[in-house]
Amino acid sequence: MILAAAAPASPADAWLERAPLLLRDALTGWLPDALRPWVAALLSIATILGVFGLLFAYMTLAERKILGRIQNRPGPNRTGPFGLLQPFADAIKALTKEDIVPRAADQVLHFLAPVVLVALSLIGLAVIPFGRNLVAVELEASVLYFFAAGAATELSIFMAGWASRNKYSLLAAMRALAQLISYEVPLLLSMVPVVVVAGSLSTTGIVAAQGGWAAGVWPHWHALTPWGFSAFGVFMVAALAESNRSPFDLPEAESELIAGHLTEYSGFKYALFFMAEYLGMAALSAMGVTLFLGGWQAPLAVLEFIPSYVWFGMKLLLLLLGFIWIRATFPRLRIDQLTRLSWKFLVPLALVNLVNGGLWAVTSDWTGAAGVARWVVSALLVVVPFVVLGRSLTAGYGPRTYRYASP
Amino acid sequence: MTLLLAILALVCLVPAVAAVLVRNLIHSALLFVLAWLGLAAFYLAVGAEFIAFAHALVYVGGVSMVVLFAVLLTRPGRESALPAPSAQRALGGLVAVSLVASMLGSSIFWTRLPSVEPTPPVPLRRLGELLAGPYLVALLLVGLILTVALIGGLLLAAPRRPSEGGDA
Amino acid sequence: MSPLHLCLALSAALFCTGLVAVLVRGNAILVLLGVELMLNAANLNFIAFWRFGPGGGEAGLVFVLFSIAVAAAEAAVGMALVIAVHRHLRTIRVAAANRLKG
C-alpha cells in the first residue's frame with residue numbers, strides 16, 4: 001500500500017514504462033553527439049529484428065503445437081523441453097540443405113524474390129508504436145508508408161512464381177496478383193474511417209486519439225464503436241488475404257498447385273518465404289492493434305501499472321493466435337469465391353463504413369440522448385448492410401443436403 | 001543535399017532506361033517498379049512526404065499489378081521477347097527523342113533559375129485543408145474520373161458475353 | 001548544379017526515356033508505361049518548383065496528387081484496352097491495331 005501511494009502520479013513516469021528508453025540512453029550516452037542518433041537508430045533496428053525474429057521462431061512452434069492440439073495430436077515435442085528448441089533445429093536444417101535452382105529459372109529474380117519479400121515485410125514495422133514513445137521512425141503520414149511498403153510484398157510473390165518457370169508457379173503468381181488487387185481495396189478502405197475519426201495519418205496520433213475511457217470503463221478504442229468494429233472485421237479479413245494465410249492461401253494451395261510459388265524453392269530460401277509470411281502477418285496484426293485496439297493503451301485505468309509495451313505485445317499475440325485458430329478451422333476458398341467475397345461483400349461494406357465513420361466524426365460532440373442516437377444510427381449502418389450483403393452473397397446456396405450411400 | 005539528390009536521381013534513372021531497353025516485358029515492368037520506387041525516394045528527399053507515399057502506393061501497389069496482369073493475360077510466352085524494332089523506326093524515334101532532349105537540356109541549363117531558400121514542407125493538415133477547401137470541386141471530379149475509368153475498364157476488358165457460371 | 005537544376009534535369013531525362021518507350025518500342029504495354037513515365041516527369045517538375053522555386057507553389061503539390069490519380073485511371077483504362085485489343089487481334093503491337101473496325 002505504501003508502495004502504491006509512492007508510485008508516480010502519471011503512468012508515463014513509471015520506471016518500467018521508461019525502461020527501454022533508459023536502457024537506450026545508457027547505451028548511447030557515452031557516444032559523441034553526432035553519432036548518437038545513428039547508434040540509437042541501429043539499436044532500434046536491432047531490437048525490432050531480434051524481437052520479431054524470436055517471435056517468428058516461436059510463432060512457428062506455437063502454430064504447429066496449436067494446430068496439433070486442434071487436430072488431436074501433440075505436435076512437435078521432442079527437441080528440448082516441450083519441443084522448445086524445435087525452431088532452432090528447423091533453422092539449422094534449412095541452412096544445411098542443398099539450395100536447388102531450376103536450370104530454366106530466371107536466376108536473378110529467383111534469388112531476389114525471397115530477399116525482397118523479407119525486406120519488405122520488415123520495413124513496415126518501423127512505424128508501429130510498440131509502446132509509449134517506442135516508435136522507430138516518426139512520420140507524419142506513417143499509415144500511408146506502412147501500406148505503401150506492404151503493397152509491394154505480393155509483387156515479390158509474383159517474382160518468385162514467374163521466375164521459377166513452372167506452370168504451377170506461374171498460376172500461383174497470377175493468383176497472387178488477383179488476390180492483391182482484390183484485397184488491397186478493402187484493406188485501405190477499412191483504414192480510411194479511422195484516419196477520418198482520429199484526424200491523423202500518423203500511427204502515434206491514432207493511438208493517442210484512442211486514449212481515455214467513456215464512463216471510466218469503456219475504452220475509446222476504435223474497435224469498440226459500431227463503425228470501428230465493422231472496419232476491424234474487414235481489416236482483419238483483408239489482412240488474412242494479404243498475408244496469404246489460410247483460408248486465403250490460394251497462391252500456395254498445396255492440393256492443387258503443389259505449393260505454387262514455393263514449388264521450386266528449397267533450403268534457406270524456402271525458410272525465408274516462411275519468415276516473410278510470419279513477419280507480414282505480425283506487421284499487419286500490429287497495424288490492426290494500432291488502428292483499432294488502442295495500440296499500447298491499457299484497457300482499464302487501474303491496469304495502467306503494466307507497461308505499455310506489454311499491453312501491445314499481449315494484443316498482438318491475441319490477434320496472431322486468432323490467425324492460427326482460423327487456419328485450423330476454415331477450409332480454403334476457391335479463386336472465384338475469393339474475389340467475389342472481396343468485391344461483392346468487403347468493398348461495399350467498407351464503403352458504407354466510410355460514410356459511417358464520417359458521420360461519427362461529425363457528431364463527435366453529441367451527448368446524452370443524442371449520443372445514444374449516434375450509437376444506434378452507427379450500429380444500424382453496420383448491421384443492415386451486413387445482413388443485406390451477406391444474403392446477396394450467399395443467395396442460391398440452399399441448405400446443404402447430404403446424400404449417403406444406401407446400404 | 002545535392003549529392004543525395006544526384007544519387008537518388010541515378011537510382012531512379014538507371015532502372016528507367018534499362019526498362020525501356022530490355023527485351024523481356026516482365027523484366028521491363030519490374031524495372032519500372034524499381035524506377036518508381038527510386039522516384040518515391042527522390043520525392044521523400046525533396047521533402048514531399050505525403051506525395052512520396054501516395055506515389056509508391058499507387059504505382060507500386062496499383063499500376064504495377066495491373067501492368068503485370070496485362071502482360072500475363074496477353075501471352076507472355078510468345079510475345080514477351082519482342083523482335084527488335086525495325087531500324088528505320090528506331091532511327092526515326094531516336095532522332096525525335098534526341099531533338100527533344102537537346103531542346104529540354106539547353107532550355108534548362110541556359111536559363112538562369114532563381115536561387116531561393118527551399119520552401120519548408122507543407123504540413124499534412126494544410127494539404128488536407130487545401131484539398132477540402134479551394135480544390136474540393138477538383139477532388140470530386142477526380143473521384144468521378146476514377147469511378148468512370150473503373151467502370152470503363154471493366155466494360156472494355158470483360159468478354160462480350162459474360163459466361164454465367166454459377167458456383168455450386 | 002543547384003537542386004532545382006538537378007530536379008529539372010532528372011525530369012527531362014525521365015521524359016525522354018518515356019518518349020523512347022513510346023516512339024521506338026512498338027509494344028502497347030510499353031507505350032503505356034512510357035506515358036506513365038512522362039507523367040511522372042511532369043509531377044517531378046511540379047514538386048521541384050514547389051520546393052526550390054520562388055514560392056507560392058502549394059497548388060503544385062495538390063496538382064501532383066490529382067495527376068497521380070488520373071495516371072492510375074489512365075493505367076486501368078489503358079490496360080483494359082490492351083487486353084481488348086489482344087482479344088481481337090491476338091497481338092499487342094501498336095502498329096497492328098490500325099483499323100477502325102476490328
# chains A, B, ... in the order shown; residues from 1 in each chain; ligands from 1
$ interface_residues --of "chain C" --to "chain B" --cutoff "6 Å" --atoms "only C-alpha atoms" --output "list in words"
Pro3, Ala21, Leu23, Val24, Arg51, Phe52, Ala73, Val77, Ala80 and Ala84 of chain C
$ write_last_selection --atoms "N, CA, C and O atoms" --output "mmCIF file, in the first residue's frame"
data_model
loop_
_atom_site.group_PDB
_atom_site.id
_atom_site.type_symbol
_atom_site.label_atom_id
_atom_site.label_comp_id
_atom_site.auth_asym_id
_atom_site.auth_seq_id
_atom_site.Cartn_x
_atom_site.Cartn_y
_atom_site.Cartn_z
ATOM 1 N N PRO C 3 19.985 22.338 -56.707
ATOM 2 C CA PRO C 3 18.981 21.259 -56.635
ATOM 3 C C PRO C 3 17.875 21.429 -57.673
ATOM 4 O O PRO C 3 17.395 20.434 -58.220
ATOM 5 N N ALA C 21 10.363 4.976 -75.074
ATOM 6 C CA ALA C 21 9.480 3.816 -74.947
ATOM 7 C C ALA C 21 8.284 3.966 -75.873
ATOM 8 O O ALA C 21 7.834 2.997 -76.479
ATOM 9 N N LEU C 23 8.013 5.921 -78.699
ATOM 10 C CA LEU C 23 8.283 6.046 -80.134
ATOM 11 C C LEU C 23 8.985 4.829 -80.712
ATOM 12 O O LEU C 23 8.705 4.429 -81.836
ATOM 13 N N VAL C 24 9.912 4.237 -79.949
ATOM 14 C CA VAL C 24 10.753 3.198 -80.535
ATOM 15 C C VAL C 24 10.173 1.808 -80.333
ATOM 16 O O VAL C 24 10.126 1.004 -81.243
ATOM 17 N N ARG C 51 9.273 23.231 -54.231
ATOM 18 C CA ARG C 51 10.284 23.209 -53.181
ATOM 19 C C ARG C 51 11.367 24.265 -53.395
ATOM 20 O O ARG C 51 11.725 24.989 -52.472
ATOM 21 N N PHE C 52 11.891 24.323 -54.618
ATOM 22 C CA PHE C 52 13.040 25.192 -54.855
ATOM 23 C C PHE C 52 12.690 26.423 -55.682
ATOM 24 O O PHE C 52 13.563 27.194 -56.027
ATOM 25 N N ALA C 73 -6.008 6.096 -63.214
ATOM 26 C CA ALA C 73 -7.170 5.833 -64.060
ATOM 27 C C ALA C 73 -6.730 5.504 -65.477
ATOM 28 O O ALA C 73 -7.232 4.569 -66.106
ATOM 29 N N VAL C 77 -7.599 2.029 -67.584
ATOM 30 C CA VAL C 77 -8.289 2.008 -68.873
ATOM 31 C C VAL C 77 -7.347 1.517 -69.967
ATOM 32 O O VAL C 77 -7.727 0.721 -70.842
ATOM 33 N N ALA C 80 -6.942 -2.185 -69.867
ATOM 34 C CA ALA C 80 -8.172 -2.825 -70.345
ATOM 35 C C ALA C 80 -8.217 -2.787 -71.863
ATOM 36 O O ALA C 80 -8.575 -3.766 -72.527
ATOM 37 N N ALA C 84 -8.353 -5.829 -74.521
ATOM 38 C CA ALA C 84 -9.397 -5.916 -75.552
ATOM 39 C C ALA C 84 -8.775 -6.033 -76.937
ATOM 40 O O ALA C 84 -9.214 -6.840 -77.772
#
$ select_by_dssp --residues "region 148-366 of chain A" --states "strand (DSSP E or B)" --output "NGL selection string"
:A and (213-214 or 218-219)
$ select_by_dssp --residues "region 128-161 of chain B" --states "helix (DSSP H, G or I)" --output "list in words"
Gly128, Glu129, Leu130, Leu131, Ala132, Leu136, Val137, Ala138, Leu139, Leu140, Leu141, Val142, Gly143, Leu144, Ile145, Leu146, Thr147, Val148, Ala149, Leu150, Ile151, Gly152, Gly153, Leu154, Leu155, Leu156 and Ala157 of chain B
$ residues_around --residues "region 27-42 of chain A" --least-positions-apart "5" --cutoff "9 Å" --atoms "only C-alpha atoms" --output "count of residues only"
4
$ interface_residues --of "chain A" --to "chain B" --cutoff "9 Å" --atoms "only C-alpha atoms" --output "CSV table (one decimal) with all heavy atoms, in the first residue's frame"
chain,number,residue,atom,x,y,z
A,109,LEU,N,15.9,-13.1,-60.7
A,109,LEU,CA,14.6,-12.9,-60.0
A,109,LEU,C,14.4,-14.0,-59.0
A,109,LEU,O,13.8,-13.7,-57.9
A,109,LEU,CB,13.5,-12.8,-61.0
A,109,LEU,CG,13.4,-11.5,-61.8
A,109,LEU,CD1,12.2,-11.6,-62.7
A,109,LEU,CD2,13.4,-10.3,-60.9
A,139,LEU,N,6.8,9.5,-38.5
A,139,LEU,CA,6.4,10.1,-39.8
A,139,LEU,C,5.1,10.8,-39.7
A,139,LEU,O,4.2,10.3,-38.9
A,139,LEU,CB,6.4,9.1,-40.9
A,139,LEU,CG,7.7,8.5,-41.4
A,139,LEU,CD1,7.5,7.4,-42.4
A,139,LEU,CD2,8.6,9.6,-42.0
A,140,GLU,N,4.9,11.8,-40.5
A,140,GLU,CA,3.6,12.5,-40.5
A,140,GLU,C,2.5,11.6,-41.2
A,140,GLU,O,1.3,11.6,-40.8
A,140,GLU,CB,3.7,13.8,-41.2
A,140,GLU,CG,2.8,14.9,-40.6
A,140,GLU,CD,2.9,16.1,-41.4
A,140,GLU,OE1,3.7,16.2,-42.4
A,140,GLU,OE2,2.2,17.1,-41.1
A,141,ALA,N,2.9,10.8,-42.2
A,141,ALA,CA,2.0,10.0,-42.9
A,141,ALA,C,2.4,8.5,-42.8
A,141,ALA,O,2.4,7.8,-43.8
A,141,ALA,CB,2.0,10.4,-44.4
A,142,SER,N,2.6,8.1,-41.5
A,142,SER,CA,3.2,6.8,-41.4
A,142,SER,C,2.2,5.7,-41.8
A,142,SER,O,2.6,4.6,-42.2
A,142,SER,CB,3.6,6.6,-39.9
A,142,SER,OG,2.6,7.1,-39.0
A,144,LEU,N,0.2,5.7,-44.3
A,144,LEU,CA,0.4,5.6,-45.7
A,144,LEU,C,1.7,4.8,-46.1
A,144,LEU,O,1.7,4.0,-47.0
A,144,LEU,CB,0.4,7.0,-46.3
A,144,LEU,CG,-0.2,7.1,-47.7
A,144,LEU,CD1,-1.6,6.6,-47.7
A,144,LEU,CD2,-0.1,8.6,-48.1
A,145,TYR,N,2.7,5.2,-45.3
A,145,TYR,CA,4.0,4.5,-45.5
A,145,TYR,C,3.9,3.0,-45.3
A,145,TYR,O,4.3,2.2,-46.1
A,145,TYR,CB,5.0,5.1,-44.5
A,145,TYR,CG,6.3,4.2,-44.3
A,145,TYR,CD1,7.4,4.3,-45.2
A,145,TYR,CD2,6.3,3.3,-43.3
A,145,TYR,CE1,8.5,3.5,-45.0
A,145,TYR,CE2,7.5,2.5,-43.1
A,145,TYR,CZ,8.5,2.6,-44.0
A,145,TYR,OH,9.6,1.8,-43.8
A,146,PHE,N,3.2,2.6,-44.2
A,146,PHE,CA,3.0,1.2,-43.9
A,146,PHE,C,2.3,0.5,-45.1
A,146,PHE,O,2.8,-0.6,-45.6
A,146,PHE,CB,2.2,1.0,-42.7
A,146,PHE,CG,2.0,-0.4,-42.3
A,146,PHE,CD1,2.9,-1.0,-41.4
A,146,PHE,CD2,0.9,-1.1,-42.7
A,146,PHE,CE1,2.7,-2.3,-41.1
A,146,PHE,CE2,0.7,-2.4,-42.4
A,146,PHE,CZ,1.6,-3.0,-41.5
A,147,PHE,N,1.3,1.0,-45.6
A,147,PHE,CA,0.5,0.3,-46.7
A,147,PHE,C,1.3,0.4,-48.0
A,147,PHE,O,1.2,-0.5,-48.8
A,147,PHE,CB,-0.9,0.9,-46.8
A,147,PHE,CG,-1.7,0.5,-45.7
A,147,PHE,CD1,-2.1,1.4,-44.7
A,147,PHE,CD2,-2.1,-0.8,-45.5
A,147,PHE,CE1,-2.9,1.0,-43.6
A,147,PHE,CE2,-2.9,-1.2,-44.4
A,147,PHE,CZ,-3.3,-0.3,-43.5
A,148,ALA,N,2.1,1.5,-48.2
A,148,ALA,CA,2.9,1.5,-49.4
A,148,ALA,C,3.9,0.4,-49.4
A,148,ALA,O,4.2,-0.2,-50.4
A,148,ALA,CB,3.5,2.9,-49.6
A,149,ALA,N,4.5,0.2,-48.2
A,149,ALA,CA,5.5,-0.9,-48.1
A,149,ALA,C,4.9,-2.2,-48.2
A,149,ALA,O,5.4,-3.1,-48.9
A,149,ALA,CB,6.2,-0.8,-46.7
A,150,GLY,N,3.7,-2.4,-47.7
A,150,GLY,CA,3.0,-3.7,-47.7
A,150,GLY,C,2.5,-4.0,-49.1
A,150,GLY,O,2.4,-5.2,-49.5
A,151,ALA,N,2.2,-3.0,-49.9
A,151,ALA,CA,1.6,-3.2,-51.2
A,151,ALA,C,2.6,-4.0,-52.1
A,151,ALA,O,2.2,-4.7,-53.0
A,151,ALA,CB,1.2,-1.9,-51.9
A,152,ALA,N,3.9,-3.8,-51.8
A,152,ALA,CA,4.9,-4.4,-52.7
A,152,ALA,C,5.2,-5.9,-52.4
A,152,ALA,O,5.9,-6.5,-53.2
A,152,ALA,CB,6.2,-3.6,-52.6
A,153,THR,N,4.7,-6.4,-51.3
A,153,THR,CA,5.1,-7.7,-50.9
A,153,THR,C,4.5,-8.8,-52.0
A,153,THR,O,5.2,-9.7,-52.3
A,153,THR,CB,4.5,-8.1,-49.6
A,153,THR,OG1,3.1,-7.9,-49.5
A,153,THR,CG2,5.2,-7.3,-48.5
A,154,GLU,N,3.3,-8.5,-52.4
A,154,GLU,CA,2.7,-9.5,-53.3
A,154,GLU,C,3.5,-9.5,-54.7
A,154,GLU,O,3.5,-10.5,-55.4
A,154,GLU,CB,1.3,-9.2,-53.6
A,154,GLU,CG,0.5,-10.5,-53.8
A,154,GLU,CD,-0.1,-11.0,-52.4
A,154,GLU,OE1,0.3,-10.6,-51.4
A,154,GLU,OE2,-0.9,-11.9,-52.5
A,155,LEU,N,4.1,-8.4,-54.9
A,155,LEU,CA,5.0,-8.3,-56.1
A,155,LEU,C,6.1,-9.3,-56.1
A,155,LEU,O,6.5,-9.9,-57.1
A,155,LEU,CB,5.5,-6.9,-56.2
A,155,LEU,CG,5.7,-6.3,-57.6
A,155,LEU,CD1,4.5,-6.3,-58.4
A,155,LEU,CD2,6.2,-4.8,-57.4
A,158,PHE,N,4.9,-12.6,-56.9
A,158,PHE,CA,4.8,-12.7,-58.3
A,158,PHE,C,6.1,-13.0,-58.9
A,158,PHE,O,6.2,-13.9,-59.8
A,158,PHE,CB,4.2,-11.4,-58.9
A,158,PHE,CG,4.3,-11.4,-60.4
A,158,PHE,CD1,3.4,-12.0,-61.2
A,158,PHE,CD2,5.4,-10.8,-61.0
A,158,PHE,CE1,3.5,-12.0,-62.6
A,158,PHE,CE2,5.5,-10.8,-62.4
A,158,PHE,CZ,4.6,-11.4,-63.2
A,159,MET,N,7.2,-12.3,-58.5
A,159,MET,CA,8.5,-12.6,-59.0
A,159,MET,C,8.9,-14.0,-58.8
A,159,MET,O,9.4,-14.7,-59.7
A,159,MET,CB,9.5,-11.6,-58.2
A,159,MET,CG,9.7,-10.3,-58.9
A,159,MET,SD,10.4,-9.1,-57.7
A,159,MET,CE,12.0,-9.8,-57.4
A,162,TRP,N,6.9,-16.3,-61.1
A,162,TRP,CA,7.2,-16.1,-62.6
A,162,TRP,C,8.6,-16.6,-62.8
A,162,TRP,O,8.9,-17.3,-63.9
A,162,TRP,CB,7.0,-14.7,-63.0
A,162,TRP,CG,7.2,-14.5,-64.5
A,162,TRP,CD1,6.3,-14.8,-65.4
A,162,TRP,CD2,8.4,-14.1,-65.1
A,162,TRP,NE1,6.8,-14.5,-66.6
A,162,TRP,CE2,8.1,-14.1,-66.5
A,162,TRP,CE3,9.7,-13.7,-64.7
A,162,TRP,CZ2,9.1,-13.8,-67.4
A,162,TRP,CZ3,10.6,-13.4,-65.6
A,162,TRP,CH2,10.3,-13.4,-67.0
A,174,MET,N,-0.2,-15.5,-60.9
A,174,MET,CA,-1.4,-14.8,-61.3
A,174,MET,C,-2.4,-14.7,-60.2
A,174,MET,O,-3.1,-13.7,-60.0
A,174,MET,CB,-2.0,-15.5,-62.5
A,174,MET,CG,-1.1,-15.4,-63.7
A,174,MET,SD,-2.0,-15.6,-65.2
A,174,MET,CE,-3.1,-14.2,-65.2
A,177,LEU,N,-1.5,-12.0,-57.8
A,177,LEU,CA,-1.8,-10.7,-58.3
A,177,LEU,C,-3.3,-10.4,-58.1
A,177,LEU,O,-3.7,-9.3,-57.6
A,177,LEU,CB,-1.4,-10.5,-59.7
A,177,LEU,CG,0.1,-10.3,-60.0
A,177,LEU,CD1,0.3,-10.1,-61.5
A,177,LEU,CD2,0.5,-9.1,-59.3
A,178,ALA,N,-4.1,-11.4,-58.5
A,178,ALA,CA,-5.6,-11.2,-58.4
A,178,ALA,C,-6.0,-10.9,-57.0
A,178,ALA,O,-6.8,-10.1,-56.7
A,178,ALA,CB,-6.3,-12.4,-59.0
A,180,LEU,N,-4.1,-9.8,-54.6
A,180,LEU,CA,-3.6,-8.5,-54.1
A,180,LEU,C,-4.6,-7.4,-54.5
A,180,LEU,O,-5.0,-6.5,-53.8
A,180,LEU,CB,-2.2,-8.2,-54.5
A,180,LEU,CG,-1.8,-6.8,-53.9
A,180,LEU,CD1,-1.1,-7.0,-52.7
A,180,LEU,CD2,-1.1,-6.0,-54.9
A,181,ILE,N,-4.9,-7.4,-55.8
A,181,ILE,CA,-5.7,-6.3,-56.4
A,181,ILE,C,-7.1,-6.3,-55.7
A,181,ILE,O,-7.6,-5.3,-55.3
A,181,ILE,CB,-5.9,-6.5,-57.9
A,181,ILE,CG1,-4.6,-6.3,-58.6
A,181,ILE,CG2,-6.9,-5.5,-58.5
A,181,ILE,CD1,-4.6,-6.6,-60.1
A,184,GLU,N,-6.4,-5.4,-51.6
A,184,GLU,CA,-5.8,-4.1,-51.2
A,184,GLU,C,-6.9,-3.1,-51.0
A,184,GLU,O,-6.8,-2.2,-50.2
A,184,GLU,CB,-4.8,-3.7,-52.3
A,184,GLU,CG,-4.0,-2.5,-52.0
A,184,GLU,CD,-2.8,-2.9,-51.2
A,184,GLU,OE1,-2.7,-4.0,-50.7
A,184,GLU,OE2,-2.0,-2.0,-51.0
A,199,GLY,N,-8.4,11.9,-37.1
A,199,GLY,CA,-7.9,13.2,-37.6
A,199,GLY,C,-6.4,13.2,-37.8
A,199,GLY,O,-5.7,14.2,-37.6
A,200,SER,N,-5.8,12.0,-38.0
A,200,SER,CA,-4.4,12.0,-38.1
A,200,SER,C,-4.0,10.8,-39.0
A,200,SER,O,-4.6,9.8,-39.0
A,200,SER,CB,-3.7,11.8,-36.7
A,200,SER,OG,-2.4,11.4,-36.9
A,201,LEU,N,-2.9,11.0,-39.8
A,201,LEU,CA,-2.4,9.9,-40.6
A,201,LEU,C,-1.1,9.2,-39.9
A,201,LEU,O,-0.5,8.4,-40.5
A,201,LEU,CB,-2.0,10.4,-42.0
A,201,LEU,CG,-2.9,10.1,-43.1
A,201,LEU,CD1,-2.4,10.7,-44.4
A,201,LEU,CD2,-3.1,8.6,-43.3
A,336,ASP,N,-12.6,-18.0,-57.4
A,336,ASP,CA,-13.8,-17.1,-57.7
A,336,ASP,C,-14.5,-16.7,-56.4
A,336,ASP,O,-15.0,-15.6,-56.3
A,336,ASP,CB,-14.7,-17.8,-58.7
A,336,ASP,CG,-15.3,-19.1,-58.2
A,336,ASP,OD1,-14.5,-19.8,-57.5
A,336,ASP,OD2,-16.4,-19.4,-58.4
A,337,GLN,N,-14.5,-17.6,-55.5
A,337,GLN,CA,-15.2,-17.2,-54.2
A,337,GLN,C,-14.4,-16.1,-53.5
A,337,GLN,O,-14.9,-15.2,-52.9
A,337,GLN,CB,-15.2,-18.5,-53.3
A,337,GLN,CG,-16.1,-19.5,-53.8
A,337,GLN,CD,-16.0,-20.8,-53.1
A,337,GLN,OE1,-14.9,-21.1,-52.5
A,337,GLN,NE2,-17.0,-21.7,-53.1
A,396,GLY,N,-28.7,-18.4,-53.3
A,396,GLY,CA,-28.5,-19.5,-54.2
A,396,GLY,C,-27.8,-20.7,-53.5
A,396,GLY,O,-27.8,-21.8,-54.1
A,397,TYR,N,-27.2,-20.4,-52.4
A,397,TYR,CA,-26.7,-21.6,-51.6
A,397,TYR,C,-27.8,-22.1,-50.7
A,397,TYR,O,-28.1,-21.5,-49.7
A,397,TYR,CB,-25.6,-21.1,-50.7
A,397,TYR,CG,-24.3,-20.7,-51.5
A,397,TYR,CD1,-24.2,-19.3,-51.8
A,397,TYR,CD2,-23.3,-21.5,-51.8
A,397,TYR,CE1,-23.0,-18.9,-52.4
A,397,TYR,CE2,-22.2,-21.1,-52.5
A,397,TYR,CZ,-22.1,-19.8,-52.8
A,397,TYR,OH,-20.9,-19.3,-53.4
$ closest_residue --among "C:Ala28, C:Leu65, C:Val35, C:Val85" --to "Phe15 (chain C)" --atoms "only C-alpha atoms"
C:Val35
$ atom_distance --atom1 "CA of Trp325 (chain A)" --atom2 "CA of Ser246 (chain A)"
10.0 Å
$ residues_around --residues "Phe46 (chain C)" --least-positions-apart "5" --cutoff "7 Å" --atoms "only C-alpha atoms" --output "JSON, numbers by chain"
{"C": [60, 61, 64]}
$ write_last_selection --atoms "C-alpha atoms" --output "PDB file, in the first residue's frame"
ATOM      1  CA  GLY C  60       1.664  22.357 -57.476  1.00  0.00           C
ATOM      2  CA  LEU C  61       1.646  19.808 -54.669  1.00  0.00           C
ATOM      3  CA  VAL C  64       0.593  16.271 -58.295  1.00  0.00           C
TER       4      VAL C  64
END
$ atom_distance --atom1 "CA of Thr339 (chain A)" --atom2 "CA of Asn353 (chain A)"
19.9 Å
$ closest_residue --among "C:Val62, C:Ala76, C:Val70, C:Leu30" --to "chain A" --atoms "only C-alpha atoms"
C:Ala76
$ atom_distance --atom1 "CA of Arg24 (chain A)" --atom2 "CA of Trp296 (chain A)"
19.5 Å
$ closest_residue --among "A:Ser169, A:Ser342, A:Ser230, A:Thr225" --to "Ala259 (chain A)" --atoms "only C-alpha atoms"
A:Ser169
$ residues_around --residues "Lys97 (chain A)" --least-positions-apart "5" --cutoff "12 Å" --atoms "only C-alpha atoms" --output "list of chain:residue names"
A:Asp90, A:Ala91, A:Ile92, A:Tyr265, A:Ser266, A:Gly267, A:Phe268, A:Lys269, A:Tyr270, A:Ala271
